[in-house]
Protein chains: 2
Amino acid sequence: MKGYSDRVLRVDLSSGKSTVEDLDEKEVKLFLGGLALAAYRLYKEVPGGADPLGKENKLIFSPGLLVGTGLPTLSKSTFVFKSPLTGGFGRAVAGAKMGVALKKAGYDLLIVEGKSKAPVYLRIKDDEVSLEDASNLWGKNAFETQNMLKEKYGKCNTAAIGPAGENLSFISSIDLEERQAARGGPGAVMGSKKLKAIAVTGTGSVDYYNLSDLKKTVNHWVKIIKDHPATKVDMDYGTGEFYAWMNKERGTFPSRNWQWGYFHTAFDGKKQSGIDPYNWVPKMRVGRNPCPNCTKPCSQVVELKKYSPGTRVDGPEYETIYSLGGELEIDDPEGLAYLNYLCDVYGLDTISAGVTIGWAMEAYERGLLSKEDVDGVDLRFGNIEATAEALKKMAYREGKLGKLLADGSREASRRLGKDSDRFAIHVKGLELPAYDVRGIKGMALAIAVSYRGACHLTAGVYGTELVGSWWKFSNVDRLSFENKGFEVKLHEDLMQLYDTLGACKFSRHMFFLEGFPEMVYNATGFEMTHSQLLTIGERAYNIARAFNAREGFNRKDDTLPWRVLYEPIPKGVSEGSHVSPRELEHMLDEYYQARGWSMEGLPTKVKLISLDLDEIAEDVGV
Amino acid sequence: MKGYSDRVLRVDLSSGKSTVEDLDEKEVKLFLGGLALAAYRLYKEVPGGADPLGKENKLIFSPGLLVGTGLPTLSKSTFVFKSPLTGGFGRAVAGAKMGVALKKAGYDLLIVEGKSKAPVYLRIKDDEVSLEDASNLWGKNAFETQNMLKEKYGKCNTAAIGPAGENLSFISSIDLEERQAARGGPGAVMGSKKLKAIAVTGTGSVDYYNLSDLKKTVNHWVKIIKDHPATKVDMDYGTGEFYAWMNKERGTFPSRNWQWGYFHTAFDGKKQSGIDPYNWVPKMRVGRNPCPNCTKPCSQVVELKKYSPGTRVDGPEYETIYSLGGELEIDDPEGLAYLNYLCDVYGLDTISAGVTIGWAMEAYERGLLSKEDVDGVDLRFGNIEATAEALKKMAYREGKLGKLLADGSREASRRLGKDSDRFAIHVKGLELPAYDVRGIKGMALAIAVSYRGACHLTAGVYGTELVGSWWKFSNVDRLSFENKGFEVKLHEDLMQLYDTLGACKFSRHMFFLEGFPEMVYNATGFEMTHSQLLTIGERAYNIARAFNAREGFNRKDDTLPWRVLYEPIPKGVSEGSHVSPRELEHMLDEYYQARGWSMEGLPTKVKLISLDLDEIAEDVGV
């Protein structure tokens with residue numbers, strides 16, 4: 001098929017063998033590529049009840065359909081796996097150069113299965129595929145590992161886990177040349193398979209349906225993106241550009257483990273917060289590290305001076321400004337960047353790691369954790385050194401503190417008990433992102449229902465809610481709990497499509513849905529309308545929920561943290577707002593109707609069959 | 001295109017000219033044929049605010065895509081028009097032989113526009129198209145008219161209006177060889193254009209994509225239908241087969257103008273109701289009159305003995321057993337068949353005519369109408385002769401009674417005043433069908449929201465509700481008002497698809513959705529999945545609602561008759577049940593979420609664009 005290599009690479013770590021399979025044309029028609037195709041394979045190939053860290057689990061890497069086309073911001077590749085953190089469907093997406101390399105090597109999909117006895121890494125050079133001894137890499141951090149592979153192989157693109165993945169931390173990430181596929185513990189899945197890294201060199205190319213028209217489409221969108229007003233601010237200050245606005249104008253930036261809805265110690269009586277990119281980017285930026293084919297790179301590479309001087313790291317994204325900044329009451333940009341760096345090299349999800357430490361700091365402050373419980377670390381809010389120490393302990397599962405925190409806030413609060421789950425900020429085990437959903441109720445619904453747990457990207461509805469309009473939505477009231485079901489559903493379907501095509505979600509101001517039919521057509525020759533494209537997104541979403549249904553998830557799991565349900569935002573623009581249990585139930589009712597699911601939150605047979613997922617309908621549809 | 005003639009016939013009655021246009025390939029891909037294609041054309045071609053009886057209104061006749069293929073029960077053709085009865089989108093569907101003839105004559109679509117000064121009829125014989133003088137037909141009844149055309153032209157298939165259509169009754173029908181396209185007043189639209197009839201002879205054939213596979217598919221479904229247990233009862237007793245069950249087991253057969261939820265005077269203390277087909281079919285049936293390509297004909301042709309002896313008529317359908325039977329407390333099958341016959345020859349919708357007379361009988365009984373107001377007719381419940389007289393007066397707009405009732409119950413109650421709208425049984429002006437929705441709450445939602453007004457076929461959800469399961473639906477509770485939004489939406493989308501393909505709704509026990517992809521493929525070569533087919537249904541539904549939105553319809557119009565909202569069913573199995581205003585509002589909330597519309601019941605821009613209806617989104621999307 002045009003736009004495809006038509007090949008799937010399957011690597012069995014148990015036997016050490018790899019095989020090449022034909023891409024199934026029927027599957028391509030239903031799922032296209034990227035997330036949707038990977039989701040279907042995961043559902044089909046990983047049986048219900050599989051141990052996430054056992055040999056039955058698989059790690060599937062799937063470049064977005066349009067990755068490598070040259071289309072601007074079409075850069076995203078997806079890992080799917082059964083998540084050790086949530087026990088459900090795991091998805092972790094990154095702007096990975098390895099996605100482009102895999103396509104050039106001649107594969108549309110990589111399926112890693114089984115378990116190796118000794119540490120290995122996977123080397124792919126076009127048709128040459130081998131598992132290599134990784135004993136010299138095991139124990140190295142994620143950056144070191146990839147640098148060693150690059151030294152050895154020269155031109156290649158890589159993925160690697162750090163010590164957190166090796167030590168099976170449920171919140172461990174995979175690093176892909178300083179892009180992280182982080183959420184839900186994909187690092188631990190790699191670690192459990194004793195797969196330290198992947199290094200791909202691809203020298204071929206993909207045959208597109210109409211290359212000259214595709215180039216025209218590339219130029220068309222490059223120009224649109226270049227001229228778009230959001231491009232300049234994204235490039236100048238990165239994704240944290242709206243940090244001050246979120247605090248001051250919306251009052252929905254959670255801080256101090258969600259005790260606050262804005263970062264009051266960084267703003268009250270101050271001219272500027274230290275971790276505001278408008279403060280630190282001009283002083284600290286030394287370069288950029290764009291995702292493949294990005295013409296509006298938001299990455300801000302900074303150099304550390306105080307902590308680990310001379311070290312360079314991709315500067316903190318908006319999410320990290322929250323999780324290792326406001327969440328912990330840290331307002332020092334040097335300290336923040338340093339903690340960000342530590343997470344990256346250890347291979348920890350910055351969001352989950354920060355929020356888990358925030359939980360620990362609150363528990364410590366409340367006296368629920370003694371000094372002895374935390375190995376003597378001075379776990380007070382705002383303490384950068386203590387946070388650094390905690391991160392190391394988590395990555396190495398070291399000491400009492402490391403063992404307590406290594407698997408995220410849900411596990412930590414289970415281990416501690418003492419009602420400490422009341423301030424554990426997660427849904428389904430996944431820690432919340434940087435949106436105080438007490439004042440963004442559509443977003444609250446979105447994180448309650450998201451199949452991978454509390455996630456800002458599964459629906460990506462925060463922008464629409466906070467601005468009050470986007471694309472074809474208008475009159476959206478962020479403080480209302482009504483009329484949110486379809487809104488969230490549509491955003492979810494669209495965002496699953498983004499991950500299927502490989503589109504960066506920061507291009508959603510520019511592409512919307514309208515840009516895709518032409519892109520897909522020129523790449524593949526498939527004539528797809530809006531409805532067909534959105535249906536692919538809806539299919540992916542339903543498969544992921546069907547996966548969860550098979551694991552026993554239902555309405556009771558579509559919930560919110562205690563603090564969101566019962567503690568209103570105490571101060572700021574959104575003062576007094578929270579999502580009451582009654583409001584949540586109303587939103588769930590609306591949402592399940594919009595989805596065509598049962599009121600128990602389970603995909604119905606009729607909806608699954610309507611989406612051409614007959615087998616899955618028979619399997620788990622109600 | 002395979003499966004199509006690729007031609008649209010446009011007849012302008014103002015100029016007397018006809019033109020042939022190419023079928024638009026882009027439109028075909030989005031709408032296929034039948035209802036969906038016709039709906040799009042009506043939206044596009046009839047401007048907002050057009051007078052339904054003026055020259056801007058159009059009458060579009062569109063055979064279902066699979067009509068004429070030989071596929072069993074694929075027999076339905078659709079008229080669309082702006083309805084004089086509701087002021088909104090009008091749809092009237094019939095198992096019309098003229099649909100097959102039009103296809104054989106080489107046209108996929110017939111658009112009638114403008115207005116003739118003098119009465120004409122439209123003659124189509126393949127490429128020969130002419131408007132002929134109808135002065136000798138004007139004034140004849142619907143059967144006489146068609147018989148005269150058949151005498152003149154020999155082999156042809158016909159449509160005609162009776163006096164009701166000539167006199168612009170809002171509840172007038174079009175007769176197509178004893179199949180009626182009746183609901184919403186299409187007869188008046190023809191009458192307003194002075195178009196008395198249409199006579200089509202087609203001698204060509206359609207070129208199908210794979211004729212030998214199509215024949216195999218035909219044989220496959222003929223066998224399935226033949227073996228299905230519902231086939232025998234439908235053939236033996238017709239659509240009224242479940243009449244006794246509806247009364248005794250469900251208590252949801254409305255009678256005496258909805259004062260009762262079952263026909264108590266026909267059942268209480270009696271062995272069998274007179275109008276039960278199990279009573280009259282064995283005594284009265286003298287033949288059958290199948291729709292084209294029906295292998296399970298439910299028609300029961302009867303011969304009258306008492307009233308108009310020797311007259312033959314297609315025996316009363318289930319709906320007519322209600323509207324001219326129970327609704328009027330008439331339990332005599334001879335009388336019922338006679339009244340049915342009168343409606344057919346006058347060209348009146350049996351449902352609307354009966355329910356309007358039911359309203360008048362109640363008003364008469366309550367003393368709101370005096371003997372003088374009704375021209376001395378003895379308008380008591382149960383009076384067959386009085387009903388016959390009333391029908392004649394309505395068809396000819398004769399006397400005070402005719403003028404009062406000719407335009408249905410909404411107009412009648414407006415004309416009378418005196419709070420008589422409290423027992424006018426309509427939604428949006430269209431009279432309710434034979435399901436006491438007080439005890440079938442999903443069906444109540446369906447008739448509240450249906451774009452053509454109270455209609456049993458737009459969603460066709462009654463079966464699912466009354467049995468508690470169908471196809472992939474189960475655990476449906478007819479007395480609950482919860483969880484109905486998606487259920488109704490899905491049924492609607494599926495039924496719009498039925499009308500697009502031309503499938504009889506009595507085959508929905510057999511085809512479901514699964515039968516269609518292969519049928520469509522063999523006929524046209526289009527590879528369409530379930531989701532694509534359902535999307536076409538959803539598109540049609542959204543276009544019809546967009547049409548209504550353009551006319552100013554919104555949530556306030558999605559309502560129920562006063563009696564349904566405030567008067568519980570007084571007796572029988574469903575005793576005490578009704579749909580409270582609060583329940584209706586809850587169902588509407590759910591339904592709009594399932595539809596992706598605003599809470600005002602208006603199609604949103606985002607939903608319309610998601611359905612590839614960009615122009616309409618710009619036009620009326622909110």
# chains A, B, ... in the order shown; residues from 1 in each chain; ligands from 1
$ interface_residues --of "chain B" --to "chain A" --cutoff "10 Å" --atoms "only C-alpha atoms" --output "VMD selection string"
chain B and resid 30 471 to 475 482 to 487 489 to 490 494 513 to 514 529 to 536 539 589 to 599 604 to 614 617 621 to 622
$ select_by_dssp --residues "segment 66-188 of chain A" --states "helix (DSSP H, G or I)" --output "list in words"
Lys97, Met98, Gly99, Val100, Ala101, Leu102, Lys103, Lys104, Ala105, Ala142, Phe143, Glu144, Thr145, Gln146, Asn147, Met148, Leu149, Lys150, Glu151, Lys152, Tyr153, Pro163, Ala164, Gly165, Glu166, Pro186, Gly187 and Ala188 of chain A
$ residues_around --residues "segment 388-403 of chain B" --least-positions-apart "2" --cutoff "6 Å" --atoms "only C-alpha atoms" --output "ChimeraX atom specification"
/B:163-164,346,374,385-386,405-406
$ atom_distance --atom1 "atom CA of Ile321 of chain B" --atom2 "atom CA of Gly95 of chain B"
19.4 Å
$ closest_residue --among "B:Lys26, B:Arg7, B:Arg256, B:Arg91" --to "Tyr451 of chain B" --atoms "only C-alpha atoms"
B:Arg91
$ residues_around --residues "Phe381 of chain B" --least-positions-apart "2" --cutoff "8 Å" --atoms "only C-alpha atoms" --output "PDB file with all heavy atoms, in the first residue's frame"
ATOM      1  N   ARG B 256     -59.960   5.579  22.220  1.00  0.00           N
ATOM      2  CA  ARG B 256     -60.865   6.680  22.582  1.00  0.00           C
ATOM      3  C   ARG B 256     -60.081   7.980  22.736  1.00  0.00           C
ATOM      4  O   ARG B 256     -60.089   8.611  23.790  1.00  0.00           O
ATOM      5  CB  ARG B 256     -61.626   6.330  23.868  1.00  0.00           C
ATOM      6  CG  ARG B 256     -62.911   7.112  24.026  1.00  0.00           C
ATOM      7  CD  ARG B 256     -63.645   6.716  25.307  1.00  0.00           C
ATOM      8  NE  ARG B 256     -64.725   7.633  25.586  1.00  0.00           N
ATOM      9  CZ  ARG B 256     -65.978   7.520  25.116  1.00  0.00           C
ATOM     10  NH1 ARG B 256     -66.300   6.489  24.380  1.00  0.00           N
ATOM     11  NH2 ARG B 256     -66.880   8.417  25.385  1.00  0.00           N
ATOM     12  N   LEU B 328     -61.213   5.568  17.711  1.00  0.00           N
ATOM     13  CA  LEU B 328     -62.599   6.032  17.561  1.00  0.00           C
ATOM     14  C   LEU B 328     -63.592   5.071  18.225  1.00  0.00           C
ATOM     15  O   LEU B 328     -64.797   5.206  18.038  1.00  0.00           O
ATOM     16  CB  LEU B 328     -62.928   6.200  16.074  1.00  0.00           C
ATOM     17  CG  LEU B 328     -61.948   7.073  15.274  1.00  0.00           C
ATOM     18  CD1 LEU B 328     -62.380   7.170  13.808  1.00  0.00           C
ATOM     19  CD2 LEU B 328     -61.838   8.472  15.887  1.00  0.00           C
ATOM     20  N   GLU B 329     -63.059   4.099  18.952  1.00  0.00           N
ATOM     21  CA  GLU B 329     -63.885   3.049  19.583  1.00  0.00           C
ATOM     22  C   GLU B 329     -64.730   2.299  18.571  1.00  0.00           C
ATOM     23  O   GLU B 329     -65.902   1.975  18.830  1.00  0.00           O
ATOM     24  CB  GLU B 329     -64.753   3.623  20.707  1.00  0.00           C
ATOM     25  CG  GLU B 329     -63.983   3.724  22.008  1.00  0.00           C
ATOM     26  CD  GLU B 329     -64.865   3.845  23.238  1.00  0.00           C
ATOM     27  OE1 GLU B 329     -66.009   4.290  23.115  1.00  0.00           O
ATOM     28  OE2 GLU B 329     -64.393   3.484  24.327  1.00  0.00           O
ATOM     29  N   ILE B 330     -64.129   2.036  17.444  1.00  0.00           N
ATOM     30  CA  ILE B 330     -64.804   1.234  16.413  1.00  0.00           C
ATOM     31  C   ILE B 330     -64.187  -0.154  16.429  1.00  0.00           C
ATOM     32  O   ILE B 330     -62.980  -0.302  16.274  1.00  0.00           O
ATOM     33  CB  ILE B 330     -64.638   1.898  15.023  1.00  0.00           C
ATOM     34  CG1 ILE B 330     -65.496   3.166  14.971  1.00  0.00           C
ATOM     35  CG2 ILE B 330     -65.014   0.920  13.901  1.00  0.00           C
ATOM     36  CD1 ILE B 330     -65.242   4.053  13.769  1.00  0.00           C
ATOM     37  N   GLY B 358     -60.921  11.659  16.153  1.00  0.00           N
ATOM     38  CA  GLY B 358     -60.953  11.316  17.586  1.00  0.00           C
ATOM     39  C   GLY B 358     -61.003  12.573  18.451  1.00  0.00           C
ATOM     40  O   GLY B 358     -61.771  12.656  19.416  1.00  0.00           O
ATOM     41  N   MET B 361     -64.464  14.009  18.126  1.00  0.00           N
ATOM     42  CA  MET B 361     -65.452  13.255  18.900  1.00  0.00           C
ATOM     43  C   MET B 361     -65.379  13.622  20.378  1.00  0.00           C
ATOM     44  O   MET B 361     -66.396  13.777  21.050  1.00  0.00           O
ATOM     45  CB  MET B 361     -65.252  11.745  18.704  1.00  0.00           C
ATOM     46  CG  MET B 361     -65.735  11.276  17.331  1.00  0.00           C
ATOM     47  SD  MET B 361     -65.386   9.521  17.055  1.00  0.00           S
ATOM     48  CE  MET B 361     -66.376   9.206  15.566  1.00  0.00           C
ATOM     49  N   GLU B 362     -64.130  13.759  20.873  1.00  0.00           N
ATOM     50  CA  GLU B 362     -64.001  14.127  22.277  1.00  0.00           C
ATOM     51  C   GLU B 362     -64.530  15.549  22.520  1.00  0.00           C
ATOM     52  O   GLU B 362     -65.232  15.806  23.511  1.00  0.00           O
ATOM     53  CB  GLU B 362     -62.547  14.005  22.749  1.00  0.00           C
ATOM     54  CG  GLU B 362     -62.431  14.339  24.239  1.00  0.00           C
ATOM     55  CD  GLU B 362     -61.142  13.893  24.900  1.00  0.00           C
ATOM     56  OE1 GLU B 362     -60.385  13.091  24.308  1.00  0.00           O
ATOM     57  OE2 GLU B 362     -60.904  14.343  26.042  1.00  0.00           O
ATOM     58  N   LEU B 379     -71.399  12.916  15.851  1.00  0.00           N
ATOM     59  CA  LEU B 379     -69.980  12.602  16.048  1.00  0.00           C
ATOM     60  C   LEU B 379     -69.685  11.901  17.367  1.00  0.00           C
ATOM     61  O   LEU B 379     -68.843  12.365  18.149  1.00  0.00           O
ATOM     62  CB  LEU B 379     -69.165  13.902  15.975  1.00  0.00           C
ATOM     63  CG  LEU B 379     -68.462  14.263  14.669  1.00  0.00           C
ATOM     64  CD1 LEU B 379     -67.504  15.428  14.913  1.00  0.00           C
ATOM     65  CD2 LEU B 379     -67.699  13.083  14.087  1.00  0.00           C
ATOM     66  N   ASN B 383     -69.148   5.619  16.033  1.00  0.00           N
ATOM     67  CA  ASN B 383     -70.097   5.799  14.935  1.00  0.00           C
ATOM     68  C   ASN B 383     -69.392   5.758  13.578  1.00  0.00           C
ATOM     69  O   ASN B 383     -68.731   6.708  13.167  1.00  0.00           O
ATOM     70  CB  ASN B 383     -70.839   7.125  15.121  1.00  0.00           C
ATOM     71  CG  ASN B 383     -72.026   7.242  14.169  1.00  0.00           C
ATOM     72  OD1 ASN B 383     -72.039   6.634  13.100  1.00  0.00           O
ATOM     73  ND2 ASN B 383     -73.023   8.024  14.574  1.00  0.00           N
TER      74      ASN B 383
END
$ select_by_dssp --residues "segment 63-234 of chain B" --states "strand (DSSP E)" --output "mmCIF file with N, CA and C atoms, in the first residue's frame"
data_model
loop_
_atom_site.group_PDB
_atom_site.id
_atom_site.type_symbol
_atom_site.label_atom_id
_atom_site.label_comp_id
_atom_site.auth_asym_id
_atom_site.auth_seq_id
_atom_site.Cartn_x
_atom_site.Cartn_y
_atom_site.Cartn_z
ATOM 1 N N PRO B 63 -36.173 6.771 -5.082
ATOM 2 C CA PRO B 63 -36.206 5.337 -4.776
ATOM 3 C C PRO B 63 -34.993 4.958 -3.929
ATOM 4 N N SER B 77 -39.524 3.682 -1.483
ATOM 5 C CA SER B 77 -39.123 4.952 -2.073
ATOM 6 C C SER B 77 -39.658 6.074 -1.198
ATOM 7 N N THR B 78 -38.975 7.193 -1.260
ATOM 8 C CA THR B 78 -39.262 8.280 -0.324
ATOM 9 C C THR B 78 -39.627 9.562 -1.057
ATOM 10 N N PHE B 79 -40.672 10.216 -0.600
ATOM 11 C CA PHE B 79 -40.933 11.605 -0.969
ATOM 12 C C PHE B 79 -40.400 12.504 0.148
ATOM 13 N N VAL B 80 -39.716 13.580 -0.230
ATOM 14 C CA VAL B 80 -39.427 14.623 0.751
ATOM 15 C C VAL B 80 -39.963 15.949 0.242
ATOM 16 N N PHE B 81 -40.266 16.843 1.182
ATOM 17 C CA PHE B 81 -40.938 18.107 0.860
ATOM 18 C C PHE B 81 -40.997 18.924 2.147
ATOM 19 N N LYS B 82 -41.201 20.181 2.024
ATOM 20 C CA LYS B 82 -41.504 20.949 3.229
ATOM 21 C C LYS B 82 -42.967 20.705 3.573
ATOM 22 N N PHE B 89 -39.409 19.600 7.955
ATOM 23 C CA PHE B 89 -39.001 18.618 6.959
ATOM 24 C C PHE B 89 -40.057 17.523 6.852
ATOM 25 N N GLY B 90 -40.535 17.281 5.643
ATOM 26 C CA GLY B 90 -41.534 16.241 5.425
ATOM 27 C C GLY B 90 -40.917 15.025 4.752
ATOM 28 N N ARG B 91 -41.274 13.869 5.269
ATOM 29 C CA ARG B 91 -40.791 12.614 4.665
ATOM 30 C C ARG B 91 -41.982 11.671 4.590
ATOM 31 N N ALA B 92 -42.220 11.072 3.436
ATOM 32 C CA ALA B 92 -43.291 10.090 3.320
ATOM 33 C C ALA B 92 -42.774 8.955 2.449
ATOM 34 N N VAL B 93 -42.819 7.762 3.004
ATOM 35 C CA VAL B 93 -42.165 6.606 2.392
ATOM 36 C C VAL B 93 -43.227 5.574 2.019
ATOM 37 N N ALA B 94 -43.061 4.922 0.888
ATOM 38 C CA ALA B 94 -43.999 3.873 0.512
ATOM 39 C C ALA B 94 -43.293 2.777 -0.278
ATOM 40 N N LEU B 109 -33.428 9.953 -9.345
ATOM 41 C CA LEU B 109 -34.072 10.969 -8.509
ATOM 42 C C LEU B 109 -35.013 11.789 -9.384
ATOM 43 N N LEU B 110 -36.177 12.117 -8.821
ATOM 44 C CA LEU B 110 -37.125 12.985 -9.530
ATOM 45 C C LEU B 110 -37.396 14.215 -8.661
ATOM 46 N N ILE B 111 -37.137 15.375 -9.240
ATOM 47 C CA ILE B 111 -37.378 16.628 -8.509
ATOM 48 C C ILE B 111 -38.490 17.395 -9.214
ATOM 49 N N VAL B 112 -39.582 17.610 -8.501
ATOM 50 C CA VAL B 112 -40.707 18.357 -9.067
ATOM 51 C C VAL B 112 -40.736 19.727 -8.410
ATOM 52 N N GLU B 113 -40.736 20.770 -9.216
ATOM 53 C CA GLU B 113 -40.677 22.123 -8.657
ATOM 54 C C GLU B 113 -41.640 23.062 -9.377
ATOM 55 N N VAL B 120 -52.319 19.194 -14.201
ATOM 56 C CA VAL B 120 -51.527 18.374 -15.128
ATOM 57 C C VAL B 120 -51.177 17.065 -14.444
ATOM 58 N N TYR B 121 -50.737 16.127 -15.277
ATOM 59 C CA TYR B 121 -50.058 14.963 -14.693
ATOM 60 C C TYR B 121 -48.746 14.778 -15.424
ATOM 61 N N LEU B 122 -47.845 14.079 -14.782
ATOM 62 C CA LEU B 122 -46.500 13.891 -15.325
ATOM 63 C C LEU B 122 -46.390 12.498 -15.920
ATOM 64 N N ARG B 123 -46.036 12.483 -17.192
ATOM 65 C CA ARG B 123 -45.873 11.190 -17.879
ATOM 66 C C ARG B 123 -44.391 10.989 -18.179
ATOM 67 N N ILE B 124 -43.861 9.877 -17.702
ATOM 68 C CA ILE B 124 -42.463 9.543 -17.982
ATOM 69 C C ILE B 124 -42.435 8.190 -18.654
ATOM 70 N N LYS B 125 -41.869 8.137 -19.863
ATOM 71 C CA LYS B 125 -41.598 6.828 -20.474
ATOM 72 C C LYS B 125 -40.154 6.855 -20.933
ATOM 73 N N GLU B 128 -38.744 9.917 -22.675
ATOM 74 C CA GLU B 128 -39.846 10.821 -23.013
ATOM 75 C C GLU B 128 -40.527 11.299 -21.739
ATOM 76 N N VAL B 129 -40.479 12.592 -21.537
ATOM 77 C CA VAL B 129 -41.060 13.181 -20.327
ATOM 78 C C VAL B 129 -41.998 14.307 -20.748
ATOM 79 N N SER B 130 -43.224 14.256 -20.259
ATOM 80 C CA SER B 130 -44.143 15.332 -20.636
ATOM 81 C C SER B 130 -45.121 15.630 -19.519
ATOM 82 N N LEU B 131 -45.617 16.861 -19.517
ATOM 83 C CA LEU B 131 -46.709 17.239 -18.624
ATOM 84 C C LEU B 131 -47.976 17.234 -19.457
ATOM 85 N N GLU B 132 -48.964 16.512 -18.990
ATOM 86 C CA GLU B 132 -50.186 16.334 -19.767
ATOM 87 C C GLU B 132 -51.360 16.971 -19.037
ATOM 88 N N ASP B 133 -52.304 17.377 -19.810
ATOM 89 C CA ASP B 133 -53.531 17.970 -19.282
ATOM 90 C C ASP B 133 -54.257 16.965 -18.373
ATOM 91 N N ASN B 157 -46.457 2.504 -13.845
ATOM 92 C CA ASN B 157 -46.659 2.588 -12.394
ATOM 93 C C ASN B 157 -46.941 4.028 -12.018
ATOM 94 N N THR B 158 -47.796 4.167 -11.013
ATOM 95 C CA THR B 158 -48.429 5.469 -10.843
ATOM 96 C C THR B 158 -48.444 5.973 -9.407
ATOM 97 N N ALA B 159 -48.633 7.276 -9.332
ATOM 98 C CA ALA B 159 -48.904 7.963 -8.067
ATOM 99 C C ALA B 159 -49.996 8.981 -8.343
ATOM 100 N N ALA B 160 -50.877 9.185 -7.368
ATOM 101 C CA ALA B 160 -51.931 10.174 -7.594
ATOM 102 C C ALA B 160 -52.451 10.698 -6.266
ATOM 103 N N ILE B 174 -50.335 10.812 -0.813
ATOM 104 C CA ILE B 174 -50.174 10.411 -2.216
ATOM 105 C C ILE B 174 -50.366 8.904 -2.254
ATOM 106 N N ASP B 175 -51.213 8.433 -3.159
ATOM 107 C CA ASP B 175 -51.412 6.994 -3.297
ATOM 108 C C ASP B 175 -50.549 6.472 -4.440
ATOM 109 N N GLN B 180 -49.483 4.012 0.412
ATOM 110 C CA GLN B 180 -49.631 5.441 0.642
ATOM 111 C C GLN B 180 -48.366 6.091 1.201
ATOM 112 N N ALA B 181 -47.967 7.155 0.529
ATOM 113 C CA ALA B 181 -46.994 8.070 1.117
ATOM 114 C C ALA B 181 -47.844 9.171 1.731
ATOM 115 N N LEU B 195 -50.471 19.207 -9.623
ATOM 116 C CA LEU B 195 -49.983 17.966 -10.212
ATOM 117 C C LEU B 195 -50.853 16.834 -9.679
ATOM 118 N N LYS B 196 -51.697 16.306 -10.536
ATOM 119 C CA LYS B 196 -52.653 15.299 -10.075
ATOM 120 C C LYS B 196 -52.023 13.920 -9.945
ATOM 121 N N ALA B 197 -51.111 13.628 -10.836
ATOM 122 C CA ALA B 197 -50.605 12.249 -10.851
ATOM 123 C C ALA B 197 -49.284 12.157 -11.588
ATOM 124 N N ILE B 198 -48.685 10.998 -11.432
ATOM 125 C CA ILE B 198 -47.446 10.670 -12.145
ATOM 126 C C ILE B 198 -47.617 9.255 -12.696
ATOM 127 N N ALA B 199 -47.195 9.042 -13.930
ATOM 128 C CA ALA B 199 -47.266 7.698 -14.517
ATOM 129 C C ALA B 199 -45.937 7.395 -15.181
ATOM 130 N N VAL B 200 -45.307 6.348 -14.709
ATOM 131 C CA VAL B 200 -43.952 6.059 -15.170
ATOM 132 C C VAL B 200 -43.882 4.684 -15.819
ATOM 133 N N THR B 201 -43.306 4.646 -16.999
ATOM 134 C CA THR B 201 -42.983 3.375 -17.632
ATOM 135 C C THR B 201 -41.477 3.344 -17.868
#
$ residues_around --residues "Pro290 of chain A" --least-positions-apart "6" --cutoff "9 Å" --atoms "only C-alpha atoms" --output "list in words"
Gly95, Lys296, Pro297, Cys298 and Ser299 of chain A
$ residues_around --residues "Gly114 of chain A" --least-positions-apart "2" --cutoff "9 Å" --atoms "only C-alpha atoms" --output "ChimeraX atom specification"
/A:11-16,54-58,112,116,193
$ residues_around --residues "Gly187 of chain B" --least-positions-apart "6" --cutoff "9 Å" --atoms "only C-alpha atoms" --output "ChimeraX atom specification"
/B:160-162,164-166,168-175,181,347-348
$ closest_residue --among "B:Asp375, B:Glu178, B:Asp108, B:Glu575" --to "Lys2 of chain B" --atoms "only C-alpha atoms"
B:Asp108
